[in-house]
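Student: File input.pdb below, PDB, C-alpha atoms:
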```pdb
ATOM      1  CA  MET A   1      92.021 123.549  70.190
ATOM      2  CA  SER A   2      95.258 123.696  68.229
ATOM      3  CA  LEU A   3      97.306 124.868  71.208
ATOM      4  CA  SER A   4      95.887 122.125  73.405
ATOM      5  CA  ALA A   5      96.611 119.527  70.755
ATOM      6  CA  ALA A   6     100.171 120.752  70.360
ATOM      7  CA  LEU A   7     100.720 120.561  74.110
ATOM      8  CA  THR A   8      99.665 116.917  74.177
ATOM      9  CA  SER A   9     101.581 115.698  71.158
ATOM     10  CA  GLY A  10     105.174 115.318  70.097
ATOM     11  CA  ALA A  11     104.254 115.975  66.464
ATOM     12  CA  VAL A  12     106.467 118.409  64.568
ATOM     13  CA  VAL A  13     104.643 121.162  62.688
ATOM     14  CA  THR A  14     106.639 123.557  60.496
ATOM     15  CA  ALA A  15     106.150 125.111  57.087
ATOM     16  CA  ASP A  16     108.155 122.314  55.425
ATOM     17  CA  GLU A  17     107.696 119.264  57.620
ATOM     18  CA  PHE A  18     104.827 117.478  59.299
ATOM     19  CA  THR A  19     105.329 114.531  61.619
ATOM     20  CA  GLY A  20     101.998 113.239  62.773
ATOM     21  CA  PRO A  21     101.155 112.011  66.272
ATOM     22  CA  SER A  22     102.137 108.484  67.264
ATOM     23  CA  PRO A  23     101.478 106.185  70.253
ATOM     24  CA  ALA A  24     104.836 107.255  71.716
ATOM     25  CA  ASP A  25     103.437 110.778  72.175
ATOM     26  CA  PHE A  26     101.057 109.464  74.829
ATOM     27  CA  TYR A  27     103.833 108.709  77.317
ATOM     28  CA  GLN A  28     104.964 112.309  77.948
ATOM     29  CA  PRO A  29     107.464 112.020  80.851
ATOM     30  CA  MET A  30     107.856 115.115  83.025
ATOM     31  CA  TRP A  31     110.059 114.263  86.030
ATOM     32  CA  ASP A  32     112.454 111.353  86.494
ATOM     33  CA  PHE A  33     113.303 110.440  90.086
ATOM     34  CA  GLY A  34     115.332 107.381  89.167
ATOM     35  CA  TRP A  35     113.057 104.743  90.670
ATOM     36  CA  ILE A  36     109.907 106.345  89.282
ATOM     37  CA  GLU A  37     109.059 108.620  86.385
ATOM     38  CA  ILE A  38     106.179 111.072  86.669
ATOM     39  CA  THR A  39     104.302 111.533  83.404
ATOM     40  CA  ARG A  40     101.709 114.054  82.322
ATOM     41  CA  PRO A  41      98.943 111.392  82.104
ATOM     42  CA  MET A  42      99.662 110.493  85.737
ATOM     43  CA  LEU A  43      99.034 114.097  86.793
ATOM     44  CA  VAL A  44      95.821 114.198  84.764
ATOM     45  CA  LEU A  45      94.718 110.964  86.448
ATOM     46  CA  VAL A  46      95.341 112.512  89.878
ATOM     47  CA  LEU A  47      93.255 115.507  88.769
ATOM     48  CA  VAL A  48      90.436 113.185  87.677
ATOM     49  CA  THR A  49      90.493 111.363  91.025
ATOM     50  CA  ILE A  50      90.408 114.601  93.024
ATOM     51  CA  LEU A  51      87.628 115.974  90.838
ATOM     52  CA  ALA A  52      85.533 112.800  91.181
ATOM     53  CA  CYS A  53      85.899 112.843  94.988
ATOM     54  CA  TRP A  54      85.040 116.540  95.118
ATOM     55  CA  ILE A  55      81.908 116.063  92.989
ATOM     56  CA  MET A  56      80.642 113.236  95.196
ATOM     57  CA  LEU A  57      81.382 115.061  98.442
ATOM     58  CA  ALA A  58      80.053 118.427  97.279
ATOM     59  CA  GLY A  59      76.941 116.881  95.743
ATOM     60  CA  SER A  60      75.996 114.877  98.843
ATOM     61  CA  ARG A  61      77.069 117.317 101.565
ATOM     62  CA  ASN A  62      74.276 119.334 103.213
ATOM     63  CA  ALA A  63      71.625 117.619 101.095
ATOM     64  CA  SER A  64      68.163 119.106 101.547
ATOM     65  CA  VAL A  65      64.612 118.450 100.364
ATOM     66  CA  VAL A  66      64.799 121.576  98.229
ATOM     67  CA  PRO A  67      68.116 120.976  96.443
ATOM     68  CA  SER A  68      70.626 123.624  95.519
ATOM     69  CA  LYS A  69      71.674 123.897  91.881
ATOM     70  CA  GLY A  70      74.775 121.767  92.512
ATOM     71  CA  GLN A  71      72.785 119.129  94.396
ATOM     72  CA  PHE A  72      70.187 119.074  91.629
ATOM     73  CA  TYR A  73      72.736 118.345  88.896
ATOM     74  CA  PHE A  74      74.472 115.744  91.057
ATOM     75  CA  GLU A  75      71.160 114.007  91.738
ATOM     76  CA  GLN A  76      70.361 113.921  88.023
ATOM     77  CA  ILE A  77      73.554 112.000  87.329
ATOM     78  CA  TYR A  78      73.077 109.783  90.366
ATOM     79  CA  ASP A  79      69.449 108.986  89.467
ATOM     80  CA  PHE A  80      70.486 108.197  85.905
ATOM     81  CA  VAL A  81      73.038 105.645  87.112
ATOM     82  CA  ARG A  82      70.712 104.252  89.773
ATOM     83  CA  GLY A  83      67.603 103.865  87.630
ATOM     84  CA  GLY A  84      69.025 103.524  84.147
ATOM     85  CA  ILE A  85      71.967 101.243  84.909
ATOM     86  CA  ALA A  86      72.182  99.623  88.355
ATOM     87  CA  ARG A  87      68.516  98.848  89.006
ATOM     88  CA  ASP A  88      67.779  97.640  85.482
ATOM     89  CA  MET A  89      70.858  95.466  85.142
ATOM     90  CA  ILE A  90      71.294  94.071  88.679
ATOM     91  CA  GLY A  91      67.734  93.821  89.953
ATOM     92  CA  PRO A  92      66.251  94.124  93.467
ATOM     93  CA  ASN A  93      69.621  93.924  95.252
ATOM     94  CA  TYR A  94      71.135  96.770  93.229
ATOM     95  CA  LYS A  95      71.518  99.209  96.145
ATOM     96  CA  LYS A  96      74.522  97.478  97.702
ATOM     97  CA  TYR A  97      76.385  97.700  94.384
ATOM     98  CA  LEU A  98      75.257 101.212  93.483
ATOM     99  CA  PRO A  99      78.267 103.041  95.031
ATOM    100  CA  LEU A 100      80.639 100.907  92.949
ATOM    101  CA  ILE A 101      78.706 101.410  89.702
ATOM    102  CA  PHE A 102      78.302 105.137  90.274
ATOM    103  CA  GLY A 103      81.974 105.551  91.190
ATOM    104  CA  LEU A 104      83.081 103.684  88.068
ATOM    105  CA  PHE A 105      80.758 105.706  85.851
ATOM    106  CA  LEU A 106      81.937 109.033  87.237
ATOM    107  CA  PHE A 107      85.612 108.077  87.106
ATOM    108  CA  VAL A 108      85.460 106.812  83.515
ATOM    109  CA  LEU A 109      83.347 109.782  82.403
ATOM    110  CA  LEU A 110      85.766 112.337  83.839
ATOM    111  CA  SER A 111      88.762 110.433  82.464
ATOM    112  CA  ASN A 112      87.201 110.440  79.011
ATOM    113  CA  LEU A 113      86.195 114.104  79.160
ATOM    114  CA  MET A 114      89.800 115.092  79.801
ATOM    115  CA  ALA A 115      90.235 114.538  76.058
ATOM    116  CA  SER A 116      87.978 117.552  75.428
ATOM    117  CA  THR A 117      89.064 119.760  78.323
ATOM    118  CA  PRO A 118      90.931 122.833  77.008
ATOM    119  CA  PHE A 119      94.674 122.895  77.761
ATOM    120  CA  VAL A 120      94.441 119.292  79.019
ATOM    121  CA  GLN A 121      93.152 117.179  76.106
ATOM    122  CA  ASN A 122      94.923 114.209  77.567
ATOM    123  CA  PRO A 123      92.495 111.385  78.441
ATOM    124  CA  PRO A 124      93.931 108.896  80.973
ATOM    125  CA  SER A 125      91.572 106.273  79.550
ATOM    126  CA  ALA A 126      93.547 106.425  76.279
ATOM    127  CA  ARG A 127      96.401 104.694  78.157
ATOM    128  CA  ILE A 128      95.784 100.967  78.340
ATOM    129  CA  ALA A 129      96.803 100.758  82.020
ATOM    130  CA  VAL A 130      93.816 102.861  83.137
ATOM    131  CA  PRO A 131      91.118 100.741  81.413
ATOM    132  CA  ILE A 132      92.886  97.619  82.693
ATOM    133  CA  ALA A 133      92.823  98.948  86.269
ATOM    134  CA  ALA A 134      89.136  99.902  86.047
ATOM    135  CA  THR A 135      88.341  96.523  84.498
ATOM    136  CA  ALA A 136      90.251  94.744  87.275
ATOM    137  CA  VAL A 137      87.897  96.322  89.815
ATOM    138  CA  VAL A 138      84.879  95.035  87.871
ATOM    139  CA  TYR A 139      86.522  91.627  87.393
ATOM    140  CA  ILE A 140      87.163  91.148  91.096
ATOM    141  CA  ALA A 141      83.703  92.467  92.005
ATOM    142  CA  TYR A 142      81.588  90.176  89.822
ATOM    143  CA  HIS A 143      83.635  87.063  90.574
ATOM    144  CA  TYR A 144      83.457  87.833  94.296
ATOM    145  CA  VAL A 145      79.681  88.179  94.010
ATOM    146  CA  GLY A 146      79.448  84.938  92.036
ATOM    147  CA  PHE A 147      81.557  82.848  94.414
ATOM    148  CA  LYS A 148      79.774  84.306  97.437
ATOM    149  CA  LYS A 149      76.324  83.700  95.944
ATOM    150  CA  HIS A 150      76.834  80.198  94.552
ATOM    151  CA  GLY A 151      79.872  78.809  96.355
ATOM    152  CA  PHE A 152      83.125  77.786  94.709
ATOM    153  CA  LEU A 153      81.926  74.713  92.807
ATOM    154  CA  GLY A 154      78.427  76.102  92.434
ATOM    155  CA  TYR A 155      79.754  79.141  90.577
ATOM    156  CA  PHE A 156      81.325  76.954  87.901
ATOM    157  CA  LYS A 157      78.170  74.834  87.726
ATOM    158  CA  PHE A 158      76.152  78.047  87.401
ATOM    159  CA  MET A 159      77.980  78.831  84.149
ATOM    160  CA  VAL A 160      76.264  75.937  82.383
ATOM    161  CA  PRO A 161      72.547  76.508  81.644
ATOM    162  CA  ALA A 162      70.192  73.785  82.813
ATOM    163  CA  GLY A 163      68.612  71.385  80.334
ATOM    164  CA  LEU A 164      71.577  70.922  78.020
ATOM    165  CA  ALA A 165      72.307  67.597  76.417
ATOM    166  CA  PRO A 166      75.153  65.865  78.330
ATOM    167  CA  ALA A 167      77.396  65.889  75.253
ATOM    168  CA  MET A 168      77.118  69.679  75.034
ATOM    169  CA  VAL A 169      77.957  70.388  78.663
ATOM    170  CA  PRO A 170      81.800  70.324  78.312
ATOM    171  CA  VAL A 171      81.693  72.532  75.209
ATOM    172  CA  ILE A 172      79.345  75.096  76.750
ATOM    173  CA  PHE A 173      81.301  75.074  80.006
ATOM    174  CA  LEU A 174      84.574  75.865  78.221
ATOM    175  CA  LEU A 175      82.919  78.664  76.239
ATOM    176  CA  GLU A 176      81.252  80.140  79.300
ATOM    177  CA  ALA A 177      84.388  79.854  81.447
ATOM    178  CA  ALA A 178      86.394  81.621  78.733
ATOM    179  CA  THR A 179      83.706  84.315  78.585
ATOM    180  CA  PHE A 180      83.566  84.861  82.355
ATOM    181  CA  PHE A 181      87.316  84.767  83.005
ATOM    182  CA  LEU A 182      88.915  86.038  79.795
ATOM    183  CA  ILE A 183      86.654  87.525  77.120
ATOM    184  CA  ARG A 184      84.632  89.825  79.382
ATOM    185  CA  PRO A 185      87.587  91.651  80.971
ATOM    186  CA  LEU A 186      89.511  91.721  77.695
ATOM    187  CA  THR A 187      86.699  93.311  75.695
ATOM    188  CA  LEU A 188      85.712  95.662  78.515
ATOM    189  CA  ALA A 189      89.212  97.135  78.740
ATOM    190  CA  LEU A 190      89.968  97.172  75.015
ATOM    191  CA  ARG A 191      86.641  98.775  74.088
ATOM    192  CA  LEU A 192      87.256 101.762  76.351
ATOM    193  CA  PHE A 193      90.927 102.066  75.434
ATOM    194  CA  GLY A 194      90.365 101.694  71.688
ATOM    195  CA  ASN A 195      87.636 104.324  71.482
ATOM    196  CA  MET A 196      89.506 106.902  73.554
ATOM    197  CA  PHE A 197      92.859 106.312  71.872
ATOM    198  CA  ALA A 198      91.490 106.377  68.322
ATOM    199  CA  GLY A 199      89.340 109.458  68.923
ATOM    200  CA  HIS A 200      92.210 111.405  70.451
ATOM    201  CA  MET A 201      94.574 110.455  67.613
ATOM    202  CA  LEU A 202      92.035 111.395  64.953
ATOM    203  CA  ILE A 203      91.468 114.862  66.422
ATOM    204  CA  LEU A 204      95.226 115.424  66.628
ATOM    205  CA  VAL A 205      95.658 114.448  62.979
ATOM    206  CA  PHE A 206      93.064 116.988  61.816
ATOM    207  CA  VAL A 207      94.211 119.813  64.104
ATOM    208  CA  LEU A 208      97.930 119.406  63.574
ATOM    209  CA  GLY A 209      97.407 118.754  59.875
ATOM    210  CA  GLY A 210      95.431 121.997  59.667
ATOM    211  CA  GLU A 211      98.242 123.776  61.477
ATOM    212  CA  PHE A 212     100.753 122.440  58.965
ATOM    213  CA  LEU A 213      98.617 123.588  56.047
ATOM    214  CA  LEU A 214      98.134 127.014  57.621
ATOM    215  CA  PHE A 215     101.890 127.538  58.020
ATOM    216  CA  HIS A 216     102.688 126.330  54.499
ATOM    217  CA  ASP A 217     103.904 128.861  51.925
ATOM    218  CA  ASN A 218     101.366 127.766  49.335
ATOM    219  CA  TRP A 219      98.190 129.886  49.653
ATOM    220  CA  LEU A 220      96.056 126.959  48.438
ATOM    221  CA  PHE A 221      97.309 124.875  51.370
ATOM    222  CA  LYS A 222      96.339 127.702  53.706
ATOM    223  CA  LEU A 223      92.825 127.562  52.257
ATOM    224  CA  PHE A 224      92.642 123.798  52.816
ATOM    225  CA  SER A 225      93.570 124.346  56.478
ATOM    226  CA  VAL A 226      90.071 125.769  57.060
ATOM    227  CA  GLY A 227      88.573 122.399  56.157
ATOM    228  CA  ALA A 228      91.050 120.529  58.347
ATOM    229  CA  PHE A 229      90.304 122.738  61.355
ATOM    230  CA  GLY A 230      86.575 122.431  60.645
ATOM    231  CA  MET A 231      86.791 118.638  60.639
ATOM    232  CA  GLY A 232      88.824 118.773  63.834
ATOM    233  CA  PHE A 233      86.098 120.857  65.464
ATOM    234  CA  LEU A 234      83.334 118.522  64.284
ATOM    235  CA  MET A 235      85.295 115.508  65.482
ATOM    236  CA  GLN A 236      85.741 117.184  68.873
ATOM    237  CA  ILE A 237      81.964 117.626  69.228
ATOM    238  CA  PHE A 238      81.379 114.045  68.124
ATOM    239  CA  GLU A 239      84.067 112.808  70.488
ATOM    240  CA  ILE A 240      82.287 114.345  73.498
ATOM    241  CA  LEU A 241      79.287 112.146  72.692
ATOM    242  CA  ILE A 242      81.564 109.109  72.392
ATOM    243  CA  GLN A 243      83.220 109.923  75.725
ATOM    244  CA  ALA A 244      79.871 110.017  77.527
ATOM    245  CA  LEU A 245      78.635 106.917  75.696
ATOM    246  CA  GLN A 246      81.735 104.889  76.596
ATOM    247  CA  ALA A 247      81.353 105.771  80.282
ATOM    248  CA  TYR A 248      77.727 104.626  80.092
ATOM    249  CA  VAL A 249      78.666 101.385  78.296
ATOM    250  CA  PHE A 250      81.428 100.618  80.798
ATOM    251  CA  ALA A 251      79.109 101.102  83.796
ATOM    252  CA  LEU A 252      76.293  99.227  82.053
ATOM    253  CA  LEU A 253      78.457  96.186  81.352
ATOM    254  CA  ALA A 254      79.913  96.264  84.876
ATOM    255  CA  ALA A 255      76.374  96.226  86.304
ATOM    256  CA  SER A 256      75.375  93.501  83.838
ATOM    257  CA  TYR A 257      78.247  91.249  84.895
ATOM    258  CA  ILE A 258      77.447  91.752  88.577
ATOM    259  CA  GLY A 259      73.757  91.158  87.877
ATOM    260  CA  THR A 260      74.552  87.917  86.064
ATOM    261  CA  ALA A 261      76.697  86.688  88.977
ATOM    262  CA  GLU A 262      73.946  87.740  91.417
ATOM    263  CA  ALA A 263      71.196  85.860  89.546
ATOM    264  CA  ASP A 264      69.843  82.553  90.770
ATOM    265  CA  GLU A 265      70.085  80.939  87.329
ATOM    266  CA  HIS A 266      72.365  81.595  84.367
TER     267      HIS A 266
END
```
Would you encode the structure as structure tokens?
Tutor:
Amino acid sequence: MSLSAALTSGAVVTADEFTGPSPADFYQPMWDFGWIEITRPMLVLVLVTILACWIMLAGSRNASVVPSKGQFYFEQIYDFVRGGIARDMIGPNYKKYLPLIFGLFLFVLLSNLMASTPFVQNPPSARIAVPIAATAVVYIAYHYVGFKKHGFLGYFKFMVPAGLAPAMVPVIFLLEAATFFLIRPLTLALRLFGNMFAGHMLILVFVLGGEFLLFHDNWLFKLFSVGAFGMGFLMQIFEILIQALQAYVFALLAASYIGTAEADEH
């Protein structure tokens, strides 16, 4: 764990000095071609994309009634997204949106799990651009569904529940319009980014802090390093649960927004 953390951080760890990780450590440039700079997170993101495509192709290729072990595990994930997310949140028309929801879930899950992958420990979702890009896909999708379902003016009318007192209509419309067009995408992106960024930073603090204590001349500091490494390990286990949960929450909210736009009434 400590080697992986050191590879993904610019923190300085010596017997006399400790400089903890900072947001600047997440940039990590590798090659500069003048007009573009290739960073380590970009390479990890390419790896995530290739891995997601491979999982979907390998899991669905040569499918049979009696599934292989790989097909079985793939179907478990697929059925979880289909039954536990898409069908429950979107309703009877969920099948046409299922590929999008499943693709988003798998992409976000793999991106998050890169934080716990040995010798990688570099989650692309801890860079704000990645959650923004994933959120943009959801944003375009649910507004497209809403405008297609209700028409241009009908979509804005749909945002106001029926039966309101006339004086309340402008207030509710402004609140709902802000929710649909601003608050939803903002919270969706920031929730994923904040959880992945904070979790990664916290693990680095414990691991690199334990490394500093271990290298210190004072024997008591060396003893304290055991506790720091232990907390780092516990946080790593806890973080895996958070990574899976955040992928689930992202897909769940994406399906919920599409389901709301697909509904006949707000």
Student: Check what the PyMOL selection byres ((chain A and resi 245-258) around 7) selects in the file above and give those residues as a PyMOL selection string.
Tutor: chain A and resi 85-86+89-90+101+104-105+108-109+138+142+145+188+192+241-244+259-262
Student: Tell me, as a list in words, which residues lie within 12 Å of A:Gly70, counting only C-alpha atoms; anything in the same chain fewer than 3 positions away does not count.
Tutor: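 The contact residues come out as Trp54, Ile55, Met56, Leu57, Ala58, Gly59, Ser60, Arg61, Asn62, Ala63, Ser64, Val66, Pro67, Tyr73, Phe74, Glu75, Gln76 and Ile77 of chain A.
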Student: Please write the residues picked by the PyMOL selection byres ((chain A and resi 170-187) around 12) on this file as a PyMOL selection string.
Tutor: chain A and resi 128+131-143+146+155-169+188-195+249-250+253-254+256-258+260-261+266
Student: So the first atom is atom CA of A:Ser116 and the second is atom CA of A:Phe221; what is the distance between them in Å, to one decimal place?
Tutor: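 These atoms are spaced 26.8 Å apart.
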Student: Nearest residue to A:Tyr97 out of A:Leu220, A:Val81, A:Val48, A:Ala228, using all atoms listed in the file?
Tutor: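 So, comparing all the options, the nearest one is A:Val81.
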Student: Figure out the distance between atom CA of A:Gly210 and atom CA of A:Gly227, please, to one decimal in Å.
Tutor: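 Going from atom CA of A:Gly227 over to atom CA of A:Gly210 covers 7.7 Å.
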Student: Which residues would end up in the selection if the PyMOL selection byres ((chain A and resi 231) around 12) were applied here, given that I need the answer as a PyMOL selection string?
Tutor: chain A and resi 1+202-210+224-230+232-239
Student: Quick one, how far is atom CA of A:Ala126 from atom CA of A:Phe197?
Tutor: 4.5 Å
